[in-house]
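*Asks:* Sharing coords_26.csv here; it has CSV, C-alpha atoms.
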chain,number,residue,atom,x,y,z
A,1,MET,CA,0.7,-4.3,3.9
A,2,THR,CA,1.5,-4.8,0.3
A,3,SER,CA,5.0,-4.0,-0.9
A,4,LEU,CA,5.6,-0.3,-1.7
A,5,LEU,CA,8.8,-0.9,-3.6
A,6,HIS,CA,8.7,-1.7,-7.3
A,7,SER,CA,11.4,-3.3,-9.4
A,8,ALA,CA,13.9,-1.0,-11.0
A,9,SER,CA,14.6,-0.9,-14.7
A,10,PRO,CA,17.6,-2.8,-16.1
A,11,SER,CA,19.4,0.5,-16.5
A,12,SER,CA,19.7,0.9,-12.7
A,13,LEU,CA,23.1,0.6,-11.2
A,14,ALA,CA,24.3,-2.9,-10.2
A,15,SER,CA,24.7,-1.9,-6.6
A,16,ARG,CA,21.0,-1.5,-6.2
A,17,GLU,CA,20.2,-5.0,-7.5
A,18,SER,CA,19.7,-6.5,-4.1
A,19,LEU,CA,17.6,-3.6,-2.8
A,20,ARG,CA,15.1,-4.1,-5.6
A,21,THR,CA,13.9,-7.5,-4.4
A,22,ARG,CA,13.1,-6.6,-0.8
A,23,THR,CA,9.7,-5.5,0.6
A,24,PHE,CA,9.7,-1.9,1.7
A,25,LEU,CA,8.3,-1.7,5.3
A,26,PRO,CA,9.1,1.7,6.5
A,27,ASN,CA,8.3,1.2,10.2
A,28,ARG,CA,10.8,-1.7,10.4
A,29,SER,CA,13.6,0.8,10.2
A,30,CYS,CA,17.0,-0.6,9.3
A,31,SER,CA,18.5,1.2,12.3
A,32,ARG,CA,18.7,-2.3,13.8
A,33,ILE,CA,20.8,-3.8,11.0
A,34,ALA,CA,24.5,-4.3,10.8
A,35,ALA,CA,26.3,-2.2,8.2
A,36,PRO,CA,28.3,-3.8,5.4
A,37,ASN,CA,31.9,-4.8,6.0
A,38,GLY,CA,34.2,-1.8,6.2
A,39,VAL,CA,31.4,0.5,7.1
A,40,ARG,CA,31.2,1.8,10.7
A,41,CYS,CA,27.9,3.0,12.1
A,42,ASN,CA,28.3,4.5,15.5
A,43,VAL,CA,25.0,5.5,17.1
A,44,GLY,CA,25.3,7.8,20.1
A,45,GLU,CA,21.6,7.6,21.2
A,46,PRO,CA,18.6,5.4,20.7
A,47,LEU,CA,16.9,6.0,17.3
A,48,LYS,CA,13.6,4.3,17.9
A,49,TYR,CA,11.1,4.7,20.7
A,50,ALA,CA,8.0,2.9,21.7
A,51,ASN,CA,5.4,4.2,24.2
A,52,GLY,CA,7.6,7.0,25.3
A,53,LYS,CA,10.6,5.0,26.3
A,54,PRO,CA,13.8,4.6,24.3
A,55,SER,CA,14.8,1.1,23.4
A,56,THR,CA,18.4,0.0,23.2
A,57,PRO,CA,19.6,0.1,19.5
A,58,LEU,CA,20.7,-3.2,18.2
A,59,LEU,CA,23.1,-1.7,15.7
A,60,LYS,CA,26.4,-3.6,16.1
A,61,THR,CA,29.1,-4.2,13.5
A,62,GLU,CA,29.4,-7.8,14.6
A,63,GLU,CA,25.8,-8.7,13.7
A,64,MET,CA,25.0,-10.4,10.5
A,65,ALA,CA,23.3,-8.2,7.9
A,66,PRO,CA,19.8,-9.0,6.6
A,67,ASN,CA,19.4,-10.8,3.3
A,68,PHE,CA,19.0,-7.7,1.2
A,69,LEU,CA,22.4,-6.5,2.3
A,70,ALA,CA,24.1,-9.9,2.6
A,71,THR,CA,25.0,-10.6,-1.0
A,72,GLU,CA,28.7,-10.3,-1.7
A,73,LYS,CA,28.0,-8.2,-4.7
A,74,HIS,CA,26.1,-5.6,-2.8
A,75,LEU,CA,28.7,-5.4,0.0
A,76,VAL,CA,31.4,-4.7,-2.5
A,77,ASN,CA,29.4,-2.1,-4.4
A,78,ALA,CA,28.1,-0.4,-1.3
A,79,THR,CA,31.6,0.1,-0.1
A,80,THR,CA,32.7,1.2,-3.5
A,81,LYS,CA,29.9,3.8,-3.7
A,82,ASN,CA,31.0,5.1,-0.3
A,83,ASP,CA,34.4,5.7,-1.7
A,84,THR,CA,33.4,7.4,-4.9
A,85,ARG,CA,30.3,9.3,-6.1
A,86,LEU,CA,27.7,9.5,-3.4
A,87,ARG,CA,28.2,11.5,-0.2
A,88,ILE,CA,25.9,12.1,2.8
A,89,PHE,CA,26.6,14.8,5.3
A,90,SER,CA,24.7,15.7,8.4
A,91,GLY,CA,24.0,19.0,10.0
A,92,THR,CA,23.5,19.4,13.8
A,93,ALA,CA,19.7,19.5,13.7
A,94,ASN,CA,19.1,15.7,13.6
A,95,PRO,CA,22.3,13.7,13.5
A,96,ALA,CA,20.6,10.5,14.7
A,97,LEU,CA,18.3,10.4,11.7
A,98,SER,CA,21.3,11.2,9.4
A,99,GLN,CA,23.3,8.3,10.9
A,100,GLU,CA,20.4,5.9,10.5
A,101,ILE,CA,19.8,6.9,6.8
A,102,ALA,CA,23.5,6.3,6.1
A,103,CYS,CA,23.5,2.9,7.8
A,104,ASN,CA,20.4,1.8,5.9
A,105,MET,CA,22.1,2.7,2.7
A,106,GLY,CA,25.3,0.8,3.7
A,107,LEU,CA,27.3,4.0,3.7
A,108,GLU,CA,29.2,6.2,6.2
A,109,LEU,CA,28.4,9.8,6.9
A,110,GLY,CA,30.8,12.2,5.3
A,111,LYS,CA,33.2,14.0,7.6
A,112,ILE,CA,32.3,17.6,8.2
A,113,LYS,CA,33.3,20.2,10.8
A,114,ILE,CA,30.6,22.5,12.1
A,115,LYS,CA,31.1,24.9,15.0
A,116,ARG,CA,29.8,28.2,16.4
A,117,PHE,CA,32.0,31.1,17.2
A,118,ALA,CA,31.5,33.1,20.4
A,119,ASP,CA,29.4,35.7,18.7
A,120,GLY,CA,27.0,32.9,17.3
A,121,GLU,CA,28.4,32.8,13.7
A,122,ILE,CA,28.5,29.3,12.1
A,123,TYR,CA,31.6,27.8,10.6
A,124,VAL,CA,31.4,24.8,8.2
A,125,GLN,CA,34.3,22.9,6.7
A,126,LEU,CA,34.1,19.6,4.7
A,127,GLN,CA,36.8,17.2,5.9
A,128,GLU,CA,36.9,15.2,2.7
A,129,SER,CA,36.8,15.9,-1.0
A,130,VAL,CA,33.5,16.1,-2.8
A,131,ARG,CA,34.7,17.2,-6.2
A,132,GLY,CA,32.5,15.7,-8.8
A,133,CYS,CA,30.3,13.9,-6.2
A,134,ASP,CA,26.6,13.6,-5.7
A,135,VAL,CA,26.2,15.2,-2.3
A,136,TYR,CA,23.1,14.9,0.1
A,137,LEU,CA,22.9,17.3,3.0
A,138,VAL,CA,20.5,16.1,5.7
A,139,GLN,CA,19.2,19.0,7.8
A,140,PRO,CA,15.6,19.6,9.0
A,141,THR,CA,14.9,23.3,9.7
A,142,CYS,CA,13.2,22.5,13.0
A,143,PRO,CA,13.5,24.7,16.1
A,144,PRO,CA,15.7,26.6,16.4
A,145,ALA,CA,14.6,27.2,12.9
A,146,ASN,CA,16.8,30.2,12.0
A,147,GLU,CA,19.9,28.6,13.4
A,148,ASN,CA,19.3,25.3,11.5
A,149,LEU,CA,18.3,27.1,8.3
A,150,MET,CA,21.5,29.2,8.3
A,151,GLU,CA,23.6,26.1,9.0
A,152,LEU,CA,22.0,24.4,6.0
A,153,LEU,CA,22.7,27.4,3.7
A,154,ILE,CA,26.4,27.5,4.8
A,155,MET,CA,26.7,23.7,4.3
A,156,ILE,CA,25.3,24.1,0.7
A,157,ASP,CA,27.8,27.0,0.0
A,158,ALA,CA,30.7,24.9,1.3
A,159,CYS,CA,29.8,22.0,-1.0
A,160,ARG,CA,29.4,24.4,-4.0
A,161,ARG,CA,32.8,25.9,-3.4
A,162,ALA,CA,34.3,22.4,-3.1
A,163,SER,CA,33.1,21.6,-6.6
A,164,ALA,CA,30.4,19.1,-5.8
A,165,LYS,CA,28.7,18.0,-9.0
A,166,ASN,CA,25.1,17.9,-7.5
A,167,ILE,CA,23.9,19.2,-4.1
A,168,THR,CA,20.6,17.9,-2.7
A,169,ALA,CA,19.2,19.5,0.4
A,170,VAL,CA,17.4,16.7,2.3
A,171,ILE,CA,14.9,18.6,4.5
A,172,PRO,CA,12.8,16.1,6.5
A,173,TYR,CA,11.0,19.1,8.1
A,174,PHE,CA,10.7,22.3,6.2
A,175,GLY,CA,10.4,25.2,8.6
A,176,TYR,CA,8.4,28.4,7.6
A,177,ALA,CA,6.2,26.1,5.5
A,178,ARG,CA,3.1,27.5,7.1
A,179,ALA,CA,3.9,31.0,5.9
A,180,ASP,CA,2.9,30.0,2.3
A,181,ARG,CA,0.4,32.7,1.5
A,182,LYS,CA,-0.9,36.1,2.5
A,183,THR,CA,-3.9,36.0,4.8
A,184,GLN,CA,-3.8,39.8,5.6
A,185,GLY,CA,-2.3,42.8,4.0
A,186,ARG,CA,1.4,43.6,4.3
A,187,GLU,CA,2.4,40.1,5.3
A,188,SER,CA,5.5,38.3,4.0
A,189,ILE,CA,5.4,34.9,2.3
A,190,ALA,CA,8.4,33.4,4.2
A,191,ALA,CA,8.2,30.0,2.5
A,192,LYS,CA,9.0,31.5,-0.8
A,193,LEU,CA,11.9,33.6,0.7
A,194,VAL,CA,13.4,30.4,2.3
A,195,ALA,CA,13.1,28.6,-1.0
A,196,ASN,CA,14.9,31.4,-2.8
A,197,LEU,CA,17.7,31.3,-0.1
A,198,ILE,CA,18.2,27.6,-0.6
A,199,THR,CA,18.3,27.9,-4.4
A,200,GLU,CA,20.7,30.9,-4.3
A,201,ALA,CA,23.0,29.2,-1.9
A,202,GLY,CA,23.7,26.6,-4.6
A,203,ALA,CA,21.4,23.6,-4.1
A,204,ASN,CA,20.5,21.7,-7.3
A,205,ARG,CA,17.6,19.7,-5.8
A,206,VAL,CA,15.5,19.5,-2.6
A,207,LEU,CA,14.1,16.4,-1.0
A,208,ALA,CA,11.4,17.2,1.5
A,209,CYS,CA,9.0,15.2,3.6
A,210,ASP,CA,5.3,16.1,4.1
A,211,LEU,CA,5.3,19.7,3.3
A,212,HIS,CA,2.5,21.7,5.0
A,213,SER,CA,1.0,22.5,1.6
A,214,GLY,CA,1.8,21.1,-1.8
A,215,GLN,CA,2.0,24.6,-3.3
A,216,SER,CA,5.3,25.1,-1.5
A,217,MET,CA,7.0,22.9,-4.1
A,218,GLY,CA,6.2,25.7,-6.6
A,219,TYR,CA,8.2,28.2,-4.7
A,220,PHE,CA,11.5,26.5,-5.6
A,221,ASP,CA,13.1,27.1,-9.0
A,222,ILE,CA,14.9,23.8,-8.7
A,223,PRO,CA,13.4,20.2,-8.7
A,224,VAL,CA,11.7,19.1,-5.6
A,225,ASP,CA,11.1,15.5,-4.6
A,226,HIS,CA,8.3,15.4,-2.1
A,227,VAL,CA,7.9,12.2,-0.1
A,228,TYR,CA,5.3,11.3,2.5
A,229,GLY,CA,5.6,9.8,5.9
A,230,GLN,CA,2.2,8.2,5.4
A,231,PRO,CA,3.5,4.7,4.5
A,232,VAL,CA,5.4,4.5,7.8
A,233,ILE,CA,2.4,5.3,9.9
A,234,LEU,CA,0.0,3.1,7.8
A,235,ASP,CA,2.3,0.1,8.2
A,236,TYR,CA,2.4,0.6,12.0
A,237,LEU,CA,-1.4,0.9,12.2
A,238,ALA,CA,-1.8,-2.2,10.1
A,239,SER,CA,0.3,-4.1,12.7
A,240,LYS,CA,-2.2,-3.2,15.4
A,241,THR,CA,-4.9,-5.3,13.7
A,242,ILE,CA,-7.7,-2.9,14.3
A,243,CYS,CA,-10.9,-4.1,12.6
A,244,SER,CA,-11.5,-2.0,9.5
A,245,ASP,CA,-15.2,-1.7,10.3
A,246,ASP,CA,-14.3,0.1,13.6
A,247,LEU,CA,-12.0,2.6,12.0
A,248,VAL,CA,-12.8,6.2,11.1
A,249,VAL,CA,-10.2,8.8,9.9
A,250,VAL,CA,-10.7,12.3,11.3
A,251,SER,CA,-9.3,15.6,10.0
A,252,PRO,CA,-8.8,18.0,12.9
A,253,ASP,CA,-9.7,20.9,10.7
A,254,VAL,CA,-11.2,21.7,7.3
A,255,GLY,CA,-7.8,22.5,5.8
A,256,GLY,CA,-6.6,18.9,6.3
A,257,VAL,CA,-9.5,17.1,4.6
A,258,ALA,CA,-7.5,16.2,1.5
A,259,ARG,CA,-4.7,14.7,3.6
A,260,ALA,CA,-7.2,12.7,5.8
A,261,ARG,CA,-9.1,11.5,2.7
A,262,ALA,CA,-5.9,10.1,1.1
A,263,PHE,CA,-5.0,8.4,4.4
A,264,ALA,CA,-8.5,6.9,4.7
A,265,LYS,CA,-8.3,5.4,1.2
A,266,LYS,CA,-5.1,3.5,2.3
A,267,LEU,CA,-6.9,2.2,5.4
A,268,SER,CA,-9.3,0.0,3.5
A,269,ASP,CA,-11.2,3.1,2.4
A,270,ALA,CA,-12.3,3.9,6.0
A,271,PRO,CA,-15.0,6.5,6.5
A,272,LEU,CA,-14.0,10.1,7.0
A,273,ALA,CA,-15.0,12.6,9.7
A,274,ILE,CA,-14.2,16.3,9.9
A,275,VAL,CA,-13.9,18.6,12.9
A,276,ASP,CA,-15.4,22.0,11.9
A,277,LYS,CA,-14.0,24.9,14.0
A,278,ARG,CA,-15.6,28.3,13.9
A,279,ARG,CA,-15.0,31.5,15.8
A,280,HIS,CA,-17.8,34.1,15.6
A,281,GLY,CA,-15.8,37.0,16.8
A,282,HIS,CA,-12.7,38.2,18.7
A,283,ASN,CA,-12.3,36.9,22.2
A,284,VAL,CA,-15.3,34.6,21.6
A,285,ALA,CA,-14.9,30.9,22.3
A,286,GLU,CA,-14.6,28.6,19.4
A,287,VAL,CA,-17.7,26.6,18.4
A,288,MET,CA,-16.7,23.1,17.3
A,289,ASN,CA,-18.9,20.8,15.2
A,290,LEU,CA,-18.3,17.2,14.0
A,291,ILE,CA,-19.2,16.2,10.5
A,292,GLY,CA,-19.5,12.4,10.4
A,293,ASP,CA,-20.2,9.5,12.8
A,294,VAL,CA,-17.6,8.3,15.3
A,295,LYS,CA,-19.9,6.7,17.9
A,296,GLY,CA,-18.3,3.4,19.1
A,297,LYS,CA,-15.5,3.7,16.6
A,298,VAL,CA,-11.7,4.0,16.8
A,299,ALA,CA,-10.9,7.5,15.6
A,300,VAL,CA,-7.6,8.1,13.9
A,301,MET,CA,-6.8,11.8,13.7
A,302,VAL,CA,-4.3,12.7,10.9
A,303,ASP,CA,-2.3,15.9,10.6
A,304,ASP,CA,1.1,16.9,9.0
A,305,MET,CA,2.5,18.4,12.3
A,306,ILE,CA,1.7,18.9,15.9
A,307,ASP,CA,3.0,22.2,17.3
A,308,THR,CA,1.2,23.3,20.5
A,309,ALA,CA,-1.4,20.5,20.1
A,310,GLY,CA,-4.3,22.9,20.7
A,311,THR,CA,-6.3,22.0,17.6
A,312,ILE,CA,-5.8,18.2,17.8
A,313,THR,CA,-6.6,18.0,21.6
A,314,LYS,CA,-9.7,20.0,21.3
A,315,GLY,CA,-10.8,17.8,18.4
A,316,ALA,CA,-10.0,14.7,20.5
A,317,ALA,CA,-12.2,16.0,23.3
A,318,LEU,CA,-15.0,16.5,20.9
A,319,LEU,CA,-14.6,13.0,19.5
A,320,HIS,CA,-14.9,11.5,23.0
A,321,GLN,CA,-18.1,13.6,23.6
A,322,GLU,CA,-19.5,12.2,20.4
A,323,GLY,CA,-18.9,8.6,21.6
A,324,ALA,CA,-15.6,7.6,20.1
A,325,ARG,CA,-14.2,4.4,21.7
A,326,GLU,CA,-10.5,5.3,21.3
A,327,VAL,CA,-8.6,8.2,19.7
A,328,TYR,CA,-5.2,7.9,18.0
A,329,ALA,CA,-3.2,11.0,16.9
A,330,CYS,CA,-1.0,10.5,13.8
A,331,SER,CA,1.5,13.2,12.6
A,332,THR,CA,4.7,13.2,10.6
A,333,HIS,CA,6.3,16.2,12.3
A,334,ALA,CA,6.5,16.6,16.1
A,335,VAL,CA,7.3,20.2,16.7
A,336,PHE,CA,6.0,20.0,20.3
A,337,SER,CA,6.1,23.6,21.4
A,338,PRO,CA,4.9,24.2,24.9
A,339,PRO,CA,2.3,23.2,26.2
A,340,ALA,CA,2.0,20.4,23.7
A,341,ILE,CA,3.3,17.6,26.0
A,342,GLU,CA,0.9,18.5,28.8
A,343,ARG,CA,-2.0,18.4,26.3
A,344,LEU,CA,-1.0,15.2,24.6
A,345,SER,CA,-0.4,13.3,27.8
A,346,SER,CA,-3.7,14.3,29.4
A,347,GLY,CA,-5.4,11.0,28.7
A,348,LEU,CA,-7.4,12.0,25.6
A,349,PHE,CA,-5.3,9.8,23.3
A,350,GLN,CA,-4.8,6.1,23.3
A,351,GLU,CA,-1.6,6.7,21.4
A,352,VAL,CA,0.3,9.6,19.8
A,353,ILE,CA,2.1,8.3,16.7
A,354,ILE,CA,4.9,10.5,15.2
A,355,THR,CA,8.0,10.1,13.1
A,356,ASN,CA,11.6,11.2,13.8
A,357,THR,CA,11.8,13.9,11.1
A,358,ILE,CA,12.3,16.2,14.2
A,359,PRO,CA,14.4,14.9,17.1
A,360,VAL,CA,12.3,14.4,20.3
A,361,SER,CA,14.2,15.4,23.5
A,362,GLU,CA,14.2,13.1,26.5
A,363,GLN,CA,12.1,15.4,28.6
A,364,ASN,CA,9.3,15.2,26.0
A,365,TYR,CA,8.7,11.5,26.4
A,366,PHE,CA,5.3,10.4,27.7
A,367,PRO,CA,3.7,7.0,28.0
A,368,GLN,CA,1.4,7.3,24.9
A,369,LEU,CA,4.2,8.4,22.6
A,370,THR,CA,5.4,6.2,19.7
A,371,VAL,CA,8.2,7.4,17.4
A,372,LEU,CA,8.6,5.7,14.0
A,373,SER,CA,11.6,6.1,11.8
A,374,VAL,CA,11.5,7.6,8.2
A,375,ALA,CA,15.2,6.7,7.7
A,376,ASN,CA,14.4,3.7,5.4
A,377,LEU,CA,12.0,5.9,3.4
A,378,LEU,CA,14.5,8.7,2.9
A,379,GLY,CA,17.4,6.3,2.2
A,380,GLU,CA,15.4,4.5,-0.5
A,381,THR,CA,14.5,7.9,-2.0
A,382,ILE,CA,18.1,9.1,-2.0
A,383,TRP,CA,19.1,5.9,-3.9
A,384,ARG,CA,16.4,6.5,-6.5
A,385,VAL,CA,17.4,10.1,-7.0
A,386,HIS,CA,21.0,9.1,-7.3
A,387,ASP,CA,20.2,6.3,-9.8
A,388,ASP,CA,17.7,8.6,-11.8
A,389,CYS,CA,14.8,6.2,-11.0
A,390,SER,CA,11.2,7.1,-10.2
A,391,VAL,CA,10.4,8.3,-6.7
A,392,SER,CA,6.7,8.5,-7.0
A,393,SER,CA,6.4,4.7,-7.6
A,394,ILE,CA,7.3,4.2,-3.9
A,395,PHE,CA,3.9,5.5,-2.9
A,396,LYS,CA,1.7,3.7,-5.5
Rewrite the coordinates I just gave you, this time as structure tokens.
*Replies:*
Amino acid sequence: MTSLLHSASPSSLASRESLRTRTFLPNRSCSRIAAPNGVRCNVGEPLKYANGKPSTPLLKTEEMAPNFLATEKHLVNATTKNDTRLRIFSGTANPALSQEIACNMGLELGKIKIKRFADGEIYVQLQESVRGCDVYLVQPTCPPANENLMELLIMIDACRRASAKNITAVIPYFGYARADRKTQGRESIAAKLVANLITEAGANRVLACDLHSGQSMGYFDIPVDHVYGQPVILDYLASKTICSDDLVVVSPDVGGVARARAFAKKLSDAPLAIVDKRRHGHNVAEVMNLIGDVKGKVAVMVDDMIDTAGTITKGAALLHQEGAREVYACSTHAVFSPPAIERLSSGLFQEVIITNTIPVSEQNYFPQLTVLSVANLLGETIWRVHDDCSVSSIFK
């Protein structure tokens, strides 16, 4: 794949100089690199999985750093940054991803105390000063959504009361994103409510990954940087050397056509197919139709999230009926509510490719599962926001 990282302007901070010259390959996550001198990166669990089995992380402080972190100038500046203006704190929702982001950036996670009282209330205390600092709080609002959302709000409030200069809520997975409109009378629009809560808590900016719908950005009254997990998955698919003439990108429903079309353009402008699902009445079985040709082809199904996996597995069964040779499922967010694992491991999919925006518990591993890391993508985005550089240029 071509490089997705462009050169920074001369006004960028000197500490970013070495990062500008490297090729941005999201799926080659820097969780396997050594941190700069003076920076400790302790990983308590594997951060990268292949085919459902965790591999041993190669993150050791004795190892030599790659070229883009090896220059003496960068090592000095990375350590200096860690001691001055930029702070990264992790909630309890996905500490492994937070640790990986910090290691990629050559920084340490900030010290924070989070505990729950006997009655379930959440207590947060920062263990270091953030006065005048640019603070980034990494906390996906994944299940349990209400617990993790409340924890994020209290973390934001703690930083605001500690006189942080800027507070950015880094939300790899934005819960309640599906409640973004009214489909029936007397319904709430919870996505807007959650956006208001984050803003009122004191956040100055939000960094989100693959929102369910783009309109959710408009619910915030503060700037939103929206990044996509697409480059991570595309880079991995490119490494599989599937012939472009055999590929067809499939949207599992009509609502995901725009996402699938953008994905297909990046895959050598692959053809597009759509699964059309219709229900003619209550308690009546769905009628599924396929728009497009998949016979003898490798079908790549693309969606933003997999929850119970009902839609994507029914679509995969239809693709096999229509003659597809292999079916791959690609999704950024793996919610995996029951009975998703049983459905995904039933043999319909050659491979299920997801990212680590949501932590995958050990009991949810299955042989076809591949987990890619978005830590490098989020780390690069945090640097660009901190340096007042363009974020959108990452995806051009």
*Asks:* Which residues are near A:Gln230? Cut-off 9 Å, all atoms listed in the file, ignore same chain within fewer than 4 positions. Put them as number ranges by chain.
*Replies:* A: 210, 234-235, 263, 331-332, 395
*Asks:* Counting only C-alpha atoms, figure out which residue out of A:Ala118, A:Val248, A:Cys243, A:Ala316 gets nearest to A:Val275.
*Replies:*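 Ranking A:Ala118, A:Val248, A:Cys243, A:Ala316 by distance to A:Val275, first place goes to A:Ala316.
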*Asks:* Of the candidates A:Thr141, A:Gln184, A:Gln368, A:Gln363, which shows the shortest atom-to-atom distance to A:Gly347, using all atoms listed in the file?
*Replies:*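 Closest candidate: A:Gln368.
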*Asks:* Distance table requested - stretch 178-281 of chain A against stretch 333-339 of chain A, cut-off 10 Å, only C-alpha atoms: one row per qualifying residue with the closest atom pair and its distance in Å to one decimal, ordered by chain and rising residue number, as a tab-separated table.
*Replies:*
residue	atom	partner	partner_atom	distance
A:Cys209	CA	A:His333	CA	9.2
A:Asp210	CA	A:His333	CA	8.3
A:Leu211	CA	A:His333	CA	9.7
A:His212	CA	A:His333	CA	9.9
A:Gly229	CA	A:His333	CA	9.1
*Asks:* Those residues you just picked out, can you put them in a file as a PDB file, in the frame of the given file with C-alpha atoms?
*Replies:*
ATOM      1  CA  CYS A 209       9.000  15.200   3.600  1.00  0.00           C
ATOM      2  CA  ASP A 210       5.300  16.100   4.100  1.00  0.00           C
ATOM      3  CA  LEU A 211       5.300  19.700   3.300  1.00  0.00           C
ATOM      4  CA  HIS A 212       2.500  21.700   5.000  1.00  0.00           C
ATOM      5  CA  GLY A 229       5.600   9.800   5.900  1.00  0.00           C
TER       6      GLY A 229
END
*Asks:* Could you tell me how far atom CA of A:Asp253 sits from atom CA of A:Lys182, in Å to one decimal place?
*Replies:*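 Computing the Euclidean distance for atom CA of A:Lys182 and atom CA of A:Asp253 yields 19.4 Å.
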*Asks:* Tell me which of A:Ile156, A:Ala96, A:Ala258, A:Met105 sits closest to A:Val130, counting all atoms listed in the file.
*Replies:* A:Ile156
*Asks:* List the spatial neighbours of A:Pro143 as number ranges by chain - criterion: any atom at most 12 Å away, all atoms listed in the file, same-chain residues fewer than 6 positions off excluded.
*Replies:* A: 92-94, 149, 173-176, 307, 333-337, 358-361
*Asks:* Can you tell me how far atom CA of A:Ser251 sits from atom CA of A:Ile233, in Å to one decimal?
*Replies:*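 Between atom CA of A:Ser251 and atom CA of A:Ile233 the gap is 15.6 Å.
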*Asks:* Could you please determine the separation between atom CA of A:Val300 and atom CA of A:Met288 in Å, to one decimal place?
*Replies:*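 According to the coordinates, atom CA of A:Val300 and atom CA of A:Met288 are separated by 17.9 Å.
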*Asks:* From the list A:Gln350, A:Gln215, A:Asn289, A:Gln139, which residue is nearest A:Leu153 when using all atoms listed in the file?
*Replies:*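 Checking each candidate against A:Leu153, we get A:Gln139 as the closest.
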*Asks:* With all atoms listed in the file as the atoms that count, which of A:Asp134, A:Glu362, A:Glu342, A:Asp221 lies nearest to A:Asp388?
*Replies:*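 Among the listed residues, the smallest separation from A:Asp388 belongs to A:Asp134.
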*Asks:* Kindly indicate which residue among A:Ala145, A:Arg325, A:Asn196, A:Phe366 lies nearest to A:Phe220, using only C-alpha atoms for the distances.
*Replies:*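 Under the stated criterion, the closest residue is A:Asn196.
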*Asks:* Just the residues within 6 Å of A:Gly315, please, counting only C-alpha atoms, with nothing from its chain fewer than 3 positions along; format it as a PyMOL selection string.
*Replies:* chain A and resi 252+312+318
